$ cat entry-v1.cif   # mmCIF, C-alpha atoms
data_work
#
loop_
_atom_site.group_PDB
_atom_site.id
_atom_site.type_symbol
_atom_site.label_atom_id
_atom_site.label_comp_id
_atom_site.auth_asym_id
_atom_site.auth_seq_id
_atom_site.Cartn_x
_atom_site.Cartn_y
_atom_site.Cartn_z
ATOM 1 C CA THR W 1 -23.185 8.856 12.571
ATOM 2 C CA CYS W 2 -19.760 9.799 13.939
ATOM 3 C CA PHE W 3 -18.969 13.490 14.282
ATOM 4 C CA LEU W 4 -15.515 14.982 14.402
ATOM 5 C CA GLU W 5 -15.114 18.617 15.315
ATOM 6 C CA ILE W 6 -12.419 20.470 13.420
ATOM 7 C CA SER W 7 -11.391 23.902 14.604
ATOM 8 C CA SER W 8 -11.391 26.532 11.868
ATOM 9 C CA TRP W 9 -7.741 27.061 12.811
ATOM 10 C CA PHE W 10 -6.960 23.801 10.948
ATOM 11 C CA TYR W 11 -9.680 23.934 8.310
ATOM 12 C CA SER W 12 -9.705 26.077 5.227
ATOM 13 C CA PRO W 13 -11.797 25.831 2.050
ATOM 14 C CA GLU W 14 -8.746 24.238 0.371
ATOM 15 C CA THR W 15 -8.673 21.353 2.887
ATOM 16 C CA ARG W 16 -9.201 18.074 1.053
ATOM 17 C CA LEU W 17 -11.404 15.529 2.779
ATOM 18 C CA PRO W 18 -11.895 11.850 1.945
ATOM 19 C CA SER W 19 -14.912 11.359 -0.328
ATOM 20 C CA SER W 20 -16.818 9.482 2.401
ATOM 21 C CA HIS W 21 -16.760 12.597 4.639
ATOM 22 C CA ARG W 22 -19.096 15.557 4.355
ATOM 23 C CA LEU W 23 -19.173 18.965 5.993
ATOM 24 C CA VAL W 24 -22.082 19.874 8.238
ATOM 25 C CA GLU W 25 -23.161 23.472 8.913
ATOM 26 C CA ALA W 26 -21.979 24.719 12.293
ATOM 27 C CA GLU W 27 -21.035 27.960 14.012
ATOM 28 C CA SER W 28 -18.783 30.195 11.936
ATOM 29 C CA THR W 29 -15.689 29.273 13.979
ATOM 30 C CA GLN W 30 -16.176 25.524 13.719
ATOM 31 C CA VAL W 31 -16.806 22.910 11.074
ATOM 32 C CA LEU W 32 -18.307 19.543 11.884
ATOM 33 C CA LEU W 33 -17.259 16.554 9.858
ATOM 34 C CA ALA W 34 -19.999 13.962 9.657
ATOM 35 C CA MET W 35 -19.515 10.433 8.535
ATOM 36 C CA ASP W 36 -22.084 7.701 8.492
ATOM 37 C CA GLU W 37 -20.607 4.787 10.475
ATOM 38 C CA SER W 38 -21.824 2.326 7.843
ATOM 39 C CA GLU W 39 -19.498 4.079 5.375
ATOM 40 C CA ASP W 40 -16.581 3.649 7.797
ATOM 41 C CA VAL W 41 -16.243 -0.135 7.649
ATOM 42 C CA PRO W 42 -12.627 -1.329 7.823
ATOM 43 C CA LYS W 43 -10.951 -1.125 4.411
ATOM 44 C CA ASP W 44 -7.637 -2.120 2.873
ATOM 45 C CA PHE W 45 -6.146 0.034 0.117
ATOM 46 C CA ILE W 46 -3.454 -1.798 -1.835
ATOM 47 C CA GLU W 47 -1.770 -0.342 -4.884
ATOM 48 C CA LEU W 48 1.333 -1.135 -6.920
ATOM 49 C CA LYS W 49 2.021 1.605 -9.447
ATOM 50 C CA SER W 50 4.734 3.266 -11.495
ATOM 51 C CA GLU W 51 3.628 6.830 -10.699
ATOM 52 C CA LYS W 52 5.056 8.919 -7.873
ATOM 53 C CA LEU W 53 3.537 8.063 -4.467
ATOM 54 C CA SER W 54 1.893 10.727 -2.308
ATOM 55 C CA VAL W 55 2.057 10.632 1.489
ATOM 56 C CA ASP W 56 -0.979 12.944 1.662
ATOM 57 C CA GLU W 57 -3.099 10.733 -0.600
ATOM 58 C CA VAL W 58 -2.193 7.538 1.254
ATOM 59 C CA SER W 59 -2.743 9.025 4.716
ATOM 60 C CA GLU W 60 -6.135 10.442 3.640
ATOM 61 C CA LEU W 61 -7.282 6.948 2.719
ATOM 62 C CA VAL W 62 -7.068 5.721 6.308
ATOM 63 C CA ILE W 63 -8.513 8.722 8.157
ATOM 64 C CA SER W 64 -11.522 7.840 10.288
ATOM 65 C CA PRO W 65 -13.412 10.059 12.720
ATOM 66 C CA CYS W 66 -13.537 7.091 15.096
ATOM 67 C CA CYS W 67 -9.730 6.824 15.231
ATOM 68 C CA GLY W 68 -7.257 8.966 17.121
ATOM 69 C CA ALA W 69 -4.143 7.651 15.406
ATOM 70 C CA VAL W 70 -2.794 7.414 11.879
ATOM 71 C CA SER W 71 0.684 5.915 11.708
ATOM 72 C CA LEU W 72 2.831 6.057 8.578
ATOM 73 C CA PHE W 73 5.949 4.416 7.241
ATOM 74 C CA VAL W 74 7.561 6.022 4.206
ATOM 75 C CA GLY W 75 10.501 4.213 2.616
ATOM 76 C CA THR W 76 12.546 6.491 0.343
ATOM 77 C CA THR W 77 15.479 6.095 -2.019
ATOM 78 C CA ARG W 78 18.725 7.164 -0.374
ATOM 79 C CA ASN W 79 21.763 8.387 -2.320
ATOM 80 C CA ASN W 80 24.275 5.828 -1.001
ATOM 81 C CA PHE W 81 24.769 2.178 -0.108
ATOM 82 C CA GLU W 82 27.963 0.767 1.437
ATOM 83 C CA GLY W 83 30.061 3.678 0.174
ATOM 84 C CA LYS W 84 28.636 3.594 -3.367
ATOM 85 C CA LYS W 85 26.737 6.502 -4.879
ATOM 86 C CA VAL W 86 23.178 5.386 -5.712
ATOM 87 C CA ILE W 87 21.700 7.068 -8.811
ATOM 88 C CA HIS W 88 18.182 5.603 -8.430
ATOM 89 C CA LEU W 89 16.313 2.382 -7.636
ATOM 90 C CA GLU W 90 14.221 0.205 -9.909
ATOM 91 C CA TYR W 91 11.500 -2.119 -8.628
ATOM 92 C CA GLU W 92 9.889 -5.099 -10.309
ATOM 93 C CA ALA W 93 7.110 -7.293 -8.964
ATOM 94 C CA TYR W 94 5.111 -10.399 -9.628
ATOM 95 C CA THR W 95 2.071 -8.139 -9.344
ATOM 96 C CA SER W 96 -0.800 -10.561 -8.772
ATOM 97 C CA MET W 97 1.154 -12.536 -6.187
ATOM 98 C CA ALA W 98 2.437 -9.344 -4.526
ATOM 99 C CA GLU W 99 -1.120 -8.023 -4.171
ATOM 100 C CA SER W 100 -2.257 -11.369 -2.786
ATOM 101 C CA GLU W 101 0.571 -11.395 -0.225
ATOM 102 C CA ILE W 102 -0.191 -7.824 0.847
ATOM 103 C CA LYS W 103 -3.868 -8.760 1.337
ATOM 104 C CA LYS W 104 -2.675 -11.618 3.528
ATOM 105 C CA ILE W 105 -0.572 -9.174 5.575
ATOM 106 C CA CYS W 106 -3.659 -6.971 6.057
ATOM 107 C CA ARG W 107 -5.666 -9.983 7.300
ATOM 108 C CA GLU W 108 -2.870 -10.854 9.733
ATOM 109 C CA VAL W 109 -2.781 -7.262 11.022
ATOM 110 C CA ARG W 110 -6.526 -7.387 11.691
ATOM 111 C CA GLN W 111 -6.116 -10.652 13.618
ATOM 112 C CA LYS W 112 -3.249 -9.301 15.737
ATOM 113 C CA TRP W 113 -4.722 -5.806 16.274
ATOM 114 C CA PRO W 114 -8.536 -6.040 16.007
ATOM 115 C CA SER W 115 -8.992 -2.310 16.667
ATOM 116 C CA VAL W 116 -7.185 -1.336 13.430
ATOM 117 C CA LYS W 117 -9.641 0.470 11.165
ATOM 118 C CA HIS W 118 -8.051 1.100 7.758
ATOM 119 C CA ILE W 119 -4.797 -0.062 6.156
ATOM 120 C CA ALA W 120 -3.116 1.368 3.056
ATOM 121 C CA VAL W 121 -0.070 -0.180 1.390
ATOM 122 C CA HIS W 122 1.195 1.567 -1.740
ATOM 123 C CA HIS W 123 4.415 0.413 -3.427
ATOM 124 C CA ARG W 124 6.059 2.024 -6.404
ATOM 125 C CA LEU W 125 7.323 -0.009 -9.338
ATOM 126 C CA GLY W 126 9.819 1.043 -11.992
ATOM 127 C CA VAL W 127 12.362 3.832 -11.489
ATOM 128 C CA VAL W 128 12.359 5.632 -8.115
ATOM 129 C CA PRO W 129 14.676 8.677 -7.969
ATOM 130 C CA ILE W 130 16.644 9.740 -4.880
ATOM 131 C CA THR W 131 14.428 11.055 -2.019
ATOM 132 C CA GLU W 132 11.183 9.775 -3.577
ATOM 133 C CA ALA W 133 9.008 7.192 -1.818
ATOM 134 C CA SER W 134 9.252 3.535 -2.780
ATOM 135 C CA VAL W 135 6.644 2.393 -0.269
ATOM 136 C CA ILE W 136 4.063 4.116 1.929
ATOM 137 C CA ILE W 137 2.134 2.249 4.598
ATOM 138 C CA ALA W 138 -0.616 3.927 6.642
ATOM 139 C CA VAL W 139 -2.736 2.435 9.433
ATOM 140 C CA SER W 140 -5.506 4.013 11.502
ATOM 141 C CA SER W 141 -6.695 2.856 14.900
ATOM 142 C CA PRO W 142 -8.361 4.370 17.962
ATOM 143 C CA HIS W 143 -5.008 4.582 19.811
ATOM 144 C CA ARG W 144 -1.385 4.997 18.679
ATOM 145 C CA ALA W 145 0.123 1.778 20.052
ATOM 146 C CA GLU W 146 -1.902 -0.469 17.732
ATOM 147 C CA SER W 147 -1.286 1.593 14.594
ATOM 148 C CA LEU W 148 2.453 1.954 15.294
ATOM 149 C CA GLU W 149 2.844 -1.793 15.917
ATOM 150 C CA ALA W 150 0.743 -2.627 12.843
ATOM 151 C CA VAL W 151 2.808 -0.356 10.557
ATOM 152 C CA THR W 152 6.034 -1.964 11.789
ATOM 153 C CA TYR W 153 4.577 -5.431 11.244
ATOM 154 C CA CYS W 154 3.394 -4.470 7.737
ATOM 155 C CA ILE W 155 6.764 -3.218 6.463
ATOM 156 C CA ASN W 156 8.756 -6.044 8.048
ATOM 157 C CA THR W 157 6.398 -8.715 6.702
ATOM 158 C CA LEU W 158 6.202 -7.049 3.275
ATOM 159 C CA LYS W 159 9.997 -7.113 2.964
ATOM 160 C CA ALA W 160 10.084 -10.752 4.115
ATOM 161 C CA SER W 161 7.308 -12.224 1.983
ATOM 162 C CA VAL W 162 6.136 -10.055 -0.922
ATOM 163 C CA PRO W 163 7.670 -10.725 -4.376
ATOM 164 C CA ILE W 164 8.943 -7.219 -5.107
ATOM 165 C CA TRP W 165 12.567 -6.943 -6.226
ATOM 166 C CA LYS W 166 14.872 -3.939 -5.939
ATOM 167 C CA LYS W 167 17.694 -3.047 -8.305
ATOM 168 C CA GLU W 168 20.150 -0.377 -7.122
ATOM 169 C CA ILE W 169 21.716 1.653 -9.916
ATOM 170 C CA TYR W 170 25.145 3.079 -9.028
ATOM 171 C CA GLU W 171 27.426 5.386 -11.036
ATOM 172 C CA ASP W 172 29.298 2.531 -12.780
ATOM 173 C CA GLU W 173 27.280 -0.615 -12.041
ATOM 174 C CA TYR W 174 24.047 -2.010 -10.664
ATOM 175 C CA SER W 175 23.036 -4.667 -8.175
ATOM 176 C CA TRP W 176 19.830 -6.613 -7.509
ATOM 177 C CA LYS W 177 19.203 -6.414 -3.774
ATOM 178 C CA GLU W 178 17.932 -9.240 -1.650
ATOM 179 C CA ASN W 179 16.040 -8.407 1.534
ATOM 180 C CA LYS W 180 17.739 -10.011 4.502
ATOM 181 C CA GLU W 181 14.265 -10.647 5.937
ATOM 182 C CA CYS W 182 13.114 -12.534 2.826
ATOM 183 C CA PHE W 183 12.194 -16.145 3.676
ATOM 184 C CA TRP W 184 13.042 -17.599 0.237
ATOM 185 C CA ALA W 185 16.545 -16.091 0.325
ATOM 186 C CA ASN W 186 17.295 -17.894 3.593
ATOM 187 C CA SER W 187 15.895 -21.253 2.412
ATOM 188 C CA GLU W 188 18.289 -21.479 -0.568
ATOM 189 C CA LYS W 189 21.441 -21.219 1.550
#
$ encode --input "entry-v1.cif" --output "structure tokens"
Amino acid sequence: TCFLEISSWFYSPETRLPSSHRLVEAESTQVLLAMDESEDVPKDFIELKSEKLSVDEVSELVISPCCGAVSLFVGTTRNNFEGKKVIHLEYEAYTSMAESEIKKICREVRQKWPSVKHIAVHHRLGVVPITEASVIIAVSSPHRAESLEAVTYCINTLKASVPIWKKEIYEDEYSWKENKECFWANSEK
């Protein structure tokens, strides 16, 4: 069993813990978080959905008492592109292939950074208003360098290889956007 000590300064009864964690009785000023190591096997959490994404929910998925780092990338809808006012974005995907490609990215991350514990990749589909998240990627590892590098690799590879398409809606027009990193866009030219 791994134990993680949490000071009562950071813990309150409202604190939400991942379902695989449980509280253990301790002194009144401390709470111990116990987690059976067998429950903490490396996991990948992949989701494509039309509902609003939550940074808190995604980051909770990758928390591990054996890791000292959780790195996040949050891609949001901005209100402008090349001088045009963006109203919102719309995303479409070839869902089964997109999920398969994201699983492949997770396998590649684990080969490149074996210490990575958990990976979460959540991408929104449909309409994404200004300031809301289109994609959230979270990675946990014992140390920050691996999780930071893995998050960067995940978003760059996702944009280059996963069949998710973005449509920018402006005030008077719209435009389907092609990722510059996308390998199939470069092969057609």
$ resolve_selection --input "entry-v1.cif" --expression "the PyMOL selection byres ((chain W and resi 122) around 10)" --output "PyMOL selection string"
chain W and resi 45-49+53-55+58+74+102+120-121+123-125+133-138
$ closest_residue --input "entry-v1.cif" --among "W:Lys167, W:His143, W:Lys159, W:Lys43" --to "Val127 in chain W" --atoms "all atoms listed in the file"
W:Lys167
$ atom_distance --input "entry-v1.cif" --atom1 "CA of Cys67 in chain W" --atom2 "CA of Val41 in chain W"
12.2 Å
$ atom_distance --input "entry-v1.cif" --atom1 "CA of Phe73 in chain W" --atom2 "CA of Ile87 in chain W"
22.6 Å
$ atom_distance --input "entry-v1.cif" --atom1 "CA of Ala93 in chain W" --atom2 "CA of Cys106 in chain W"
18.5 Å
$ resolve_selection --input "entry-v1.cif" --expression "the PyMOL selection byres ((chain W and resi 117) around 6)" --output "list in words"
Pro42, Val116, His118, Ser140 and Ser141 of chain W
$ closest_residue --input "entry-v1.cif" --among "W:Thr131, W:Ser59, W:Tyr174, W:Thr157" --to "Lys103 in chain W" --atoms "all atoms listed in the file"
W:Thr157
$ residues_around --input "entry-v1.cif" --residues "Ile169 in chain W" --least-positions-apart "2" --cutoff "8 Å" --atoms "all atoms listed in the file" --output "PyMOL selection string"
chain W and resi 86-90+167+171+173-175
$ axis_aligned_box --input "entry-v1.cif" --around "range 111-118 of chain W" --padding-each-side "8 Å" --output "lines of an AutoDock Vina configuration file"
center_x = -6.4
center_y = -4.8
center_z = 12.2
size_x = 22.4
size_y = 27.8
size_z = 24.9
$ residues_around --input "entry-v1.cif" --residues "Leu148 in chain W" --least-positions-apart "4" --cutoff "8 Å" --atoms "only C-alpha atoms" --output "list in words"
Ser71, Leu72, Val139, Arg144 and Thr152 of chain W
$ write_last_selection --input "entry-v1.cif" --atoms "C-alpha atoms" --output "PDB file, in the coordinates of the input"
ATOM      1  CA  SER W  71       0.684   5.915  11.708  1.00  0.00           C
ATOM      2  CA  LEU W  72       2.831   6.057   8.578  1.00  0.00           C
ATOM      3  CA  VAL W 139      -2.736   2.435   9.433  1.00  0.00           C
ATOM      4  CA  ARG W 144      -1.385   4.997  18.679  1.00  0.00           C
ATOM      5  CA  THR W 152       6.034  -1.964  11.789  1.00  0.00           C
TER       6      THR W 152
END
$ decode --input "entry-v1.cif" --residues "range 91-105 of chain W" --atoms "all heavy atoms" --output "mmCIF file, in the first residue's frame"
data_model
loop_
_atom_site.group_PDB
_atom_site.id
_atom_site.type_symbol
_atom_site.label_atom_id
_atom_site.label_comp_id
_atom_site.auth_asym_id
_atom_site.auth_seq_id
_atom_site.Cartn_x
_atom_site.Cartn_y
_atom_site.Cartn_z
ATOM 1 N N TYR W 91 -16.314 20.954 -33.524
ATOM 2 C CA TYR W 91 -15.425 19.824 -33.793
ATOM 3 C C TYR W 91 -16.226 18.615 -34.239
ATOM 4 O O TYR W 91 -17.308 18.342 -33.711
ATOM 5 C CB TYR W 91 -14.641 19.434 -32.532
ATOM 6 C CG TYR W 91 -13.554 20.406 -32.178
ATOM 7 C CD1 TYR W 91 -13.804 21.473 -31.323
ATOM 8 C CD2 TYR W 91 -12.272 20.259 -32.680
ATOM 9 C CE1 TYR W 91 -12.806 22.362 -30.984
ATOM 10 C CE2 TYR W 91 -11.264 21.154 -32.356
ATOM 11 C CZ TYR W 91 -11.545 22.197 -31.504
ATOM 12 O OH TYR W 91 -10.540 23.074 -31.172
ATOM 13 N N GLU W 92 -15.679 17.917 -35.218
ATOM 14 C CA GLU W 92 -16.216 16.638 -35.670
ATOM 15 C C GLU W 92 -15.083 15.637 -35.643
ATOM 16 O O GLU W 92 -13.915 16.007 -35.758
ATOM 17 C CB GLU W 92 -16.775 16.748 -37.091
ATOM 18 C CG GLU W 92 -18.003 17.603 -37.191
ATOM 19 C CD GLU W 92 -18.596 17.616 -38.598
ATOM 20 O OE1 GLU W 92 -18.193 16.785 -39.446
ATOM 21 O OE2 GLU W 92 -19.452 18.473 -38.853
ATOM 22 N N ALA W 93 -15.439 14.353 -35.514
ATOM 23 C CA ALA W 93 -14.406 13.318 -35.460
ATOM 24 C C ALA W 93 -14.907 12.034 -36.086
ATOM 25 O O ALA W 93 -16.108 11.763 -36.115
ATOM 26 C CB ALA W 93 -14.010 13.043 -34.010
ATOM 27 N N TYR W 94 -13.972 11.276 -36.589
ATOM 28 C CA TYR W 94 -14.207 9.877 -36.943
ATOM 29 C C TYR W 94 -13.895 9.157 -35.639
ATOM 30 O O TYR W 94 -12.756 8.802 -35.363
ATOM 31 C CB TYR W 94 -13.287 9.482 -38.088
ATOM 32 C CG TYR W 94 -13.370 8.052 -38.553
ATOM 33 C CD1 TYR W 94 -14.302 7.149 -38.050
ATOM 34 C CD2 TYR W 94 -12.489 7.581 -39.515
ATOM 35 C CE1 TYR W 94 -14.364 5.846 -38.489
ATOM 36 C CE2 TYR W 94 -12.533 6.277 -39.965
ATOM 37 C CZ TYR W 94 -13.472 5.415 -39.438
ATOM 38 O OH TYR W 94 -13.519 4.118 -39.872
ATOM 39 N N THR W 95 -14.911 9.001 -34.795
ATOM 40 C CA THR W 95 -14.741 8.643 -33.391
ATOM 41 C C THR W 95 -13.947 7.365 -33.154
ATOM 42 O O THR W 95 -12.993 7.371 -32.377
ATOM 43 C CB THR W 95 -16.114 8.564 -32.693
ATOM 44 O OG1 THR W 95 -16.800 9.797 -32.913
ATOM 45 C CG2 THR W 95 -15.967 8.345 -31.202
ATOM 46 N N SER W 96 -14.307 6.280 -33.790
ATOM 47 C CA SER W 96 -13.605 5.020 -33.516
ATOM 48 C C SER W 96 -12.131 5.100 -33.916
ATOM 49 O O SER W 96 -11.250 4.619 -33.197
ATOM 50 C CB SER W 96 -14.290 3.834 -34.197
ATOM 51 O OG SER W 96 -14.296 4.018 -35.603
ATOM 52 N N MET W 97 -11.851 5.745 -35.040
ATOM 53 C CA MET W 97 -10.465 5.892 -35.463
ATOM 54 C C MET W 97 -9.724 6.875 -34.558
ATOM 55 O O MET W 97 -8.553 6.660 -34.222
ATOM 56 C CB MET W 97 -10.387 6.347 -36.912
ATOM 57 C CG MET W 97 -8.989 6.368 -37.459
ATOM 58 S SD MET W 97 -9.023 6.801 -39.217
ATOM 59 C CE MET W 97 -7.297 6.719 -39.590
ATOM 60 N N ALA W 98 -10.394 7.950 -34.136
ATOM 61 C CA ALA W 98 -9.772 8.921 -33.241
ATOM 62 C C ALA W 98 -9.387 8.253 -31.922
ATOM 63 O O ALA W 98 -8.264 8.430 -31.429
ATOM 64 C CB ALA W 98 -10.714 10.094 -32.989
ATOM 65 N N GLU W 99 -10.291 7.464 -31.362
ATOM 66 C CA GLU W 99 -9.983 6.755 -30.113
ATOM 67 C C GLU W 99 -8.821 5.791 -30.299
ATOM 68 O O GLU W 99 -7.936 5.689 -29.446
ATOM 69 C CB GLU W 99 -11.223 6.030 -29.592
ATOM 70 C CG GLU W 99 -12.274 6.987 -29.059
ATOM 71 C CD GLU W 99 -13.605 6.331 -28.752
ATOM 72 O OE1 GLU W 99 -13.837 5.165 -29.179
ATOM 73 O OE2 GLU W 99 -14.434 6.977 -28.084
ATOM 74 N N SER W 100 -8.809 5.090 -31.413
ATOM 75 C CA SER W 100 -7.719 4.164 -31.716
ATOM 76 C C SER W 100 -6.378 4.889 -31.830
ATOM 77 O O SER W 100 -5.354 4.423 -31.311
ATOM 78 C CB SER W 100 -8.042 3.421 -33.010
ATOM 79 O OG SER W 100 -6.988 2.575 -33.370
ATOM 80 N N GLU W 101 -6.380 6.039 -32.487
ATOM 81 C CA GLU W 101 -5.143 6.823 -32.637
ATOM 82 C C GLU W 101 -4.669 7.385 -31.295
ATOM 83 O O GLU W 101 -3.465 7.447 -31.035
ATOM 84 C CB GLU W 101 -5.336 7.954 -33.649
ATOM 85 C CG GLU W 101 -5.423 7.479 -35.085
ATOM 86 C CD GLU W 101 -4.141 6.802 -35.568
ATOM 87 O OE1 GLU W 101 -3.044 7.345 -35.346
ATOM 88 O OE2 GLU W 101 -4.239 5.717 -36.162
ATOM 89 N N ILE W 102 -5.597 7.782 -30.450
ATOM 90 C CA ILE W 102 -5.213 8.293 -29.128
ATOM 91 C C ILE W 102 -4.636 7.159 -28.281
ATOM 92 O O ILE W 102 -3.648 7.361 -27.555
ATOM 93 C CB ILE W 102 -6.398 8.999 -28.436
ATOM 94 C CG1 ILE W 102 -6.790 10.261 -29.228
ATOM 95 C CG2 ILE W 102 -6.050 9.359 -26.995
ATOM 96 C CD1 ILE W 102 -8.095 10.906 -28.789
ATOM 97 N N LYS W 103 -5.213 5.968 -28.372
ATOM 98 C CA LYS W 103 -4.632 4.808 -27.660
ATOM 99 C C LYS W 103 -3.211 4.549 -28.131
ATOM 100 O O LYS W 103 -2.322 4.234 -27.334
ATOM 101 C CB LYS W 103 -5.502 3.562 -27.882
ATOM 102 C CG LYS W 103 -6.805 3.585 -27.132
ATOM 103 C CD LYS W 103 -7.645 2.371 -27.462
ATOM 104 C CE LYS W 103 -9.024 2.496 -26.820
ATOM 105 N NZ LYS W 103 -9.932 1.418 -27.234
ATOM 106 N N LYS W 104 -2.985 4.686 -29.414
ATOM 107 C CA LYS W 104 -1.641 4.516 -29.975
ATOM 108 C C LYS W 104 -0.684 5.558 -29.397
ATOM 109 O O LYS W 104 0.455 5.240 -29.038
ATOM 110 C CB LYS W 104 -1.712 4.626 -31.505
ATOM 111 C CG LYS W 104 -0.409 4.437 -32.216
ATOM 112 C CD LYS W 104 -0.619 4.538 -33.725
ATOM 113 C CE LYS W 104 0.697 4.626 -34.457
ATOM 114 N NZ LYS W 104 0.514 4.922 -35.878
ATOM 115 N N ILE W 105 -1.137 6.803 -29.289
ATOM 116 C CA ILE W 105 -0.319 7.863 -28.695
ATOM 117 C C ILE W 105 0.044 7.501 -27.251
ATOM 118 O O ILE W 105 1.193 7.658 -26.830
ATOM 119 C CB ILE W 105 -1.043 9.226 -28.762
ATOM 120 C CG1 ILE W 105 -1.178 9.688 -30.215
ATOM 121 C CG2 ILE W 105 -0.306 10.273 -27.920
ATOM 122 C CD1 ILE W 105 -2.119 10.878 -30.404
#
